[in-house]
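Data block below; observations after.
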Amino acid sequence: MKDKALIKGWTLVVSSFAVVFAFSTVDHAISPLVEWLQAFFGVAAVNILWLISSCTAGIVVGLFVGPQFIKSVRISRAVWLSLLMMAGGVWAFVATPSFALSLAVRFVFGLGAGLFSTVLWWLAYESIDRRFYTPMITVLTAARPMAVAAGVPLVMYGGQYISWRWSFAALGVITVLFCLAFLWASPTDNAVKHPFTPKALLQRYRAAWNTPRLKTFFSAMFINRLCYFGFYSMLGLWFIGYYDLKTVEIARPLMAIGICETLINFMVPFLLKVGAKKLFYVSVLGNAAAFAVFAWGVLPLWWAIVFIGLFAMTDRIYNMLLLLFIPKVFDSSKDRTTIGSLVTLVSWAALMAVSWLEGALLNVVGLNGTAAFLLVALIAGTALYIKVLKRTVFAGAAA
């Protein structure tokens, strides 16, 4: 029995990683593949960014309803539903040359990904054997940057030699196989289920909305995340516009940036020894400075990649610190699970908004104008964060 529990525990960890890696690769590959997708769909390059916002809208909806949905149905049914939407969404996306239909298909794919993400948080916080808690959290924080470092470049190289459509289809196969493995190893869901009602769903978030400091904190998060997600959304156009790179040539910079962002996840516990307050201020200042240096495309290519790597690493540091600060920022809250889910919801809402705006306005304001807007958002969001933290976490704290 112990051996079987061990096998099932590691199967859950590995399967969770593989599914998150697959759907994150599908999601993050859109911007670097903008040239190929533009040719396939026959639309303006900037409009391709709407494929990001439509998928993100689905993720936001999935994350919003997910916590209440899994209280209404068995986890196995939720996984089957998300599997059908993710795999079906990928395969439908590569099969249709209609841009309008692809937007709808991407929404369905995102809805499945958001629902599956909710299942993973249920597993991590409520159901997985405690021996696998730390590996599971590591998977949830590291899989996305690893998709940027390895998954997206593999899709790009695969696109050069076979087709980006076959590469995406292969990710759909990976999703199916590891969702099935996840279902085999998943703990039994014996919780009492309640009918899904809009009233119960809204009541949960309405109660959270009345928590002191919540409005300011999450306004700061939305504004701040516009910069990070905004840059990643236009990354393909940015490399093409400033450095005249071809699609496959973007793969190597992405690998370097993704490796930086992956490694920093494992370094933060050691960096905390300098003090959380000092580390926060150093990382937010370094983040804004790094973006201000590379955003205008004036540096030599590999120097730009170095500063993008620093930007990604410092962003990861202070956002991990913010997750650690949440219990103290909202010390009066009795429902921190919902507040925790708002972190993901607000972040993805920022991605949805900024990718749509860039798709609509990038041709009007240009790369420089967009970079200026993102820098202002970064600084404004950080200032709001500091306002909240000075009254809570940093009140009376040593530097």
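Please note that chains go A, B, ... in the order of the structure tokens, that every chain numbers its residues from 1, and that ligands are numbered from 1 in the order shown.
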
With a cut-off of 12 Å, could you pull out the residues of stretch 250-282 of chain A touching stretch 227-243 of chain A and give me the nearest pair of atoms for each, distance in Å to one decimal, using only C-alpha atoms, ordered by chain and ascending number, as a Markdown table?
```
| residue | atom | partner | partner_atom | distance |
| --- | --- | --- | --- | --- |
| A:Ile250 | CA | A:Phe239 | CA | 7.2 |
| A:Ala251 | CA | A:Gly236 | CA | 10.1 |
| A:Arg252 | CA | A:Phe239 | CA | 11.8 |
| A:Pro253 | CA | A:Phe239 | CA | 9.5 |
| A:Leu254 | CA | A:Leu235 | CA | 9.5 |
| A:Ile257 | CA | A:Tyr232 | CA | 11.0 |
| A:Gly258 | CA | A:Tyr232 | CA | 11.5 |
```

task = Do a neighbour search on A:Phe21 at 12 Å with only C-alpha atoms, toss out local chain neighbours closer than 2 positions, and write the hits as a PyMOL selection string.
result = chain A and resi 14-19+23-29+113+117+139-152+171-172+174-175+178

Output file for the selection above: C-alpha atoms, as an mmCIF file, in the first residue's frame:
```cif
data_model
loop_
_atom_site.group_PDB
_atom_site.id
_atom_site.type_symbol
_atom_site.label_atom_id
_atom_site.label_comp_id
_atom_site.auth_asym_id
_atom_site.auth_seq_id
_atom_site.Cartn_x
_atom_site.Cartn_y
_atom_site.Cartn_z
ATOM 1 C CA VAL A 14 4.598 14.607 -12.689
ATOM 2 C CA SER A 15 1.175 14.676 -14.379
ATOM 3 C CA SER A 16 0.392 18.103 -12.943
ATOM 4 C CA PHE A 17 3.707 19.424 -14.214
ATOM 5 C CA ALA A 18 3.184 17.951 -17.683
ATOM 6 C CA VAL A 19 -0.340 19.358 -18.091
ATOM 7 C CA PHE A 23 -1.122 24.394 -21.663
ATOM 8 C CA SER A 24 1.392 27.089 -20.675
ATOM 9 C CA THR A 25 3.425 26.325 -23.811
ATOM 10 C CA VAL A 26 0.304 26.617 -25.980
ATOM 11 C CA ASP A 27 -0.547 29.919 -24.301
ATOM 12 C CA HIS A 28 2.926 31.513 -24.375
ATOM 13 C CA ALA A 29 3.766 30.416 -27.918
ATOM 14 C CA ALA A 113 -7.032 25.418 -18.375
ATOM 15 C CA SER A 117 -5.776 25.057 -12.408
ATOM 16 C CA VAL A 139 5.431 22.392 -9.916
ATOM 17 C CA LEU A 140 2.760 25.084 -9.749
ATOM 18 C CA THR A 141 5.310 27.911 -9.574
ATOM 19 C CA ALA A 142 7.999 26.559 -11.918
ATOM 20 C CA ALA A 143 6.067 24.884 -14.761
ATOM 21 C CA ARG A 144 5.088 28.125 -16.524
ATOM 22 C CA PRO A 145 8.605 29.621 -16.750
ATOM 23 C CA MET A 146 9.911 26.207 -17.809
ATOM 24 C CA ALA A 147 7.348 26.259 -20.618
ATOM 25 C CA VAL A 148 8.875 29.563 -21.746
ATOM 26 C CA ALA A 149 12.410 28.177 -21.452
ATOM 27 C CA ALA A 150 11.834 24.821 -23.146
ATOM 28 C CA GLY A 151 8.280 24.341 -24.408
ATOM 29 C CA VAL A 152 7.962 27.422 -26.599
ATOM 30 C CA LEU A 171 0.871 19.238 -26.942
ATOM 31 C CA GLY A 172 -2.786 18.191 -27.110
ATOM 32 C CA ILE A 174 0.525 15.231 -23.989
ATOM 33 C CA THR A 175 -2.442 16.902 -22.272
ATOM 34 C CA PHE A 178 -1.157 13.106 -18.470
#
```

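Reported to one decimal place, the separation of atom CA of A:Val365 from atom CA of A:Leu245 is 21.4 Å.
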
task = Find the residues near A:Lys277: any atom within 12 Å, counting only C-alpha atoms, skip ones fewer than 4 places away on the same chain, and give them as a PyMOL selection string.
result = chain A and resi 271-273+281-284+317-318+321-322+324-325+386+389-390+392-399

Residue set, stretch 42-144 of chain A restricted to alpha helix (DSSP H), as a VMD selection string = chain A and resid 50 to 69 75 to 95 99 to 122 133 to 144

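If you measure from each of A:Ala104, A:Leu214, A:Ile137, A:Ala256 to A:Ile339 using only C-alpha atoms, the closest one turns out to be A:Leu214.
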
message = Please determine, counting only C-alpha atoms, which residue among A:Leu367, A:Ala380, A:Ala276, A:Ala78 has the shortest atom-to-atom distance to A:Phe182.
response = A:Ala78
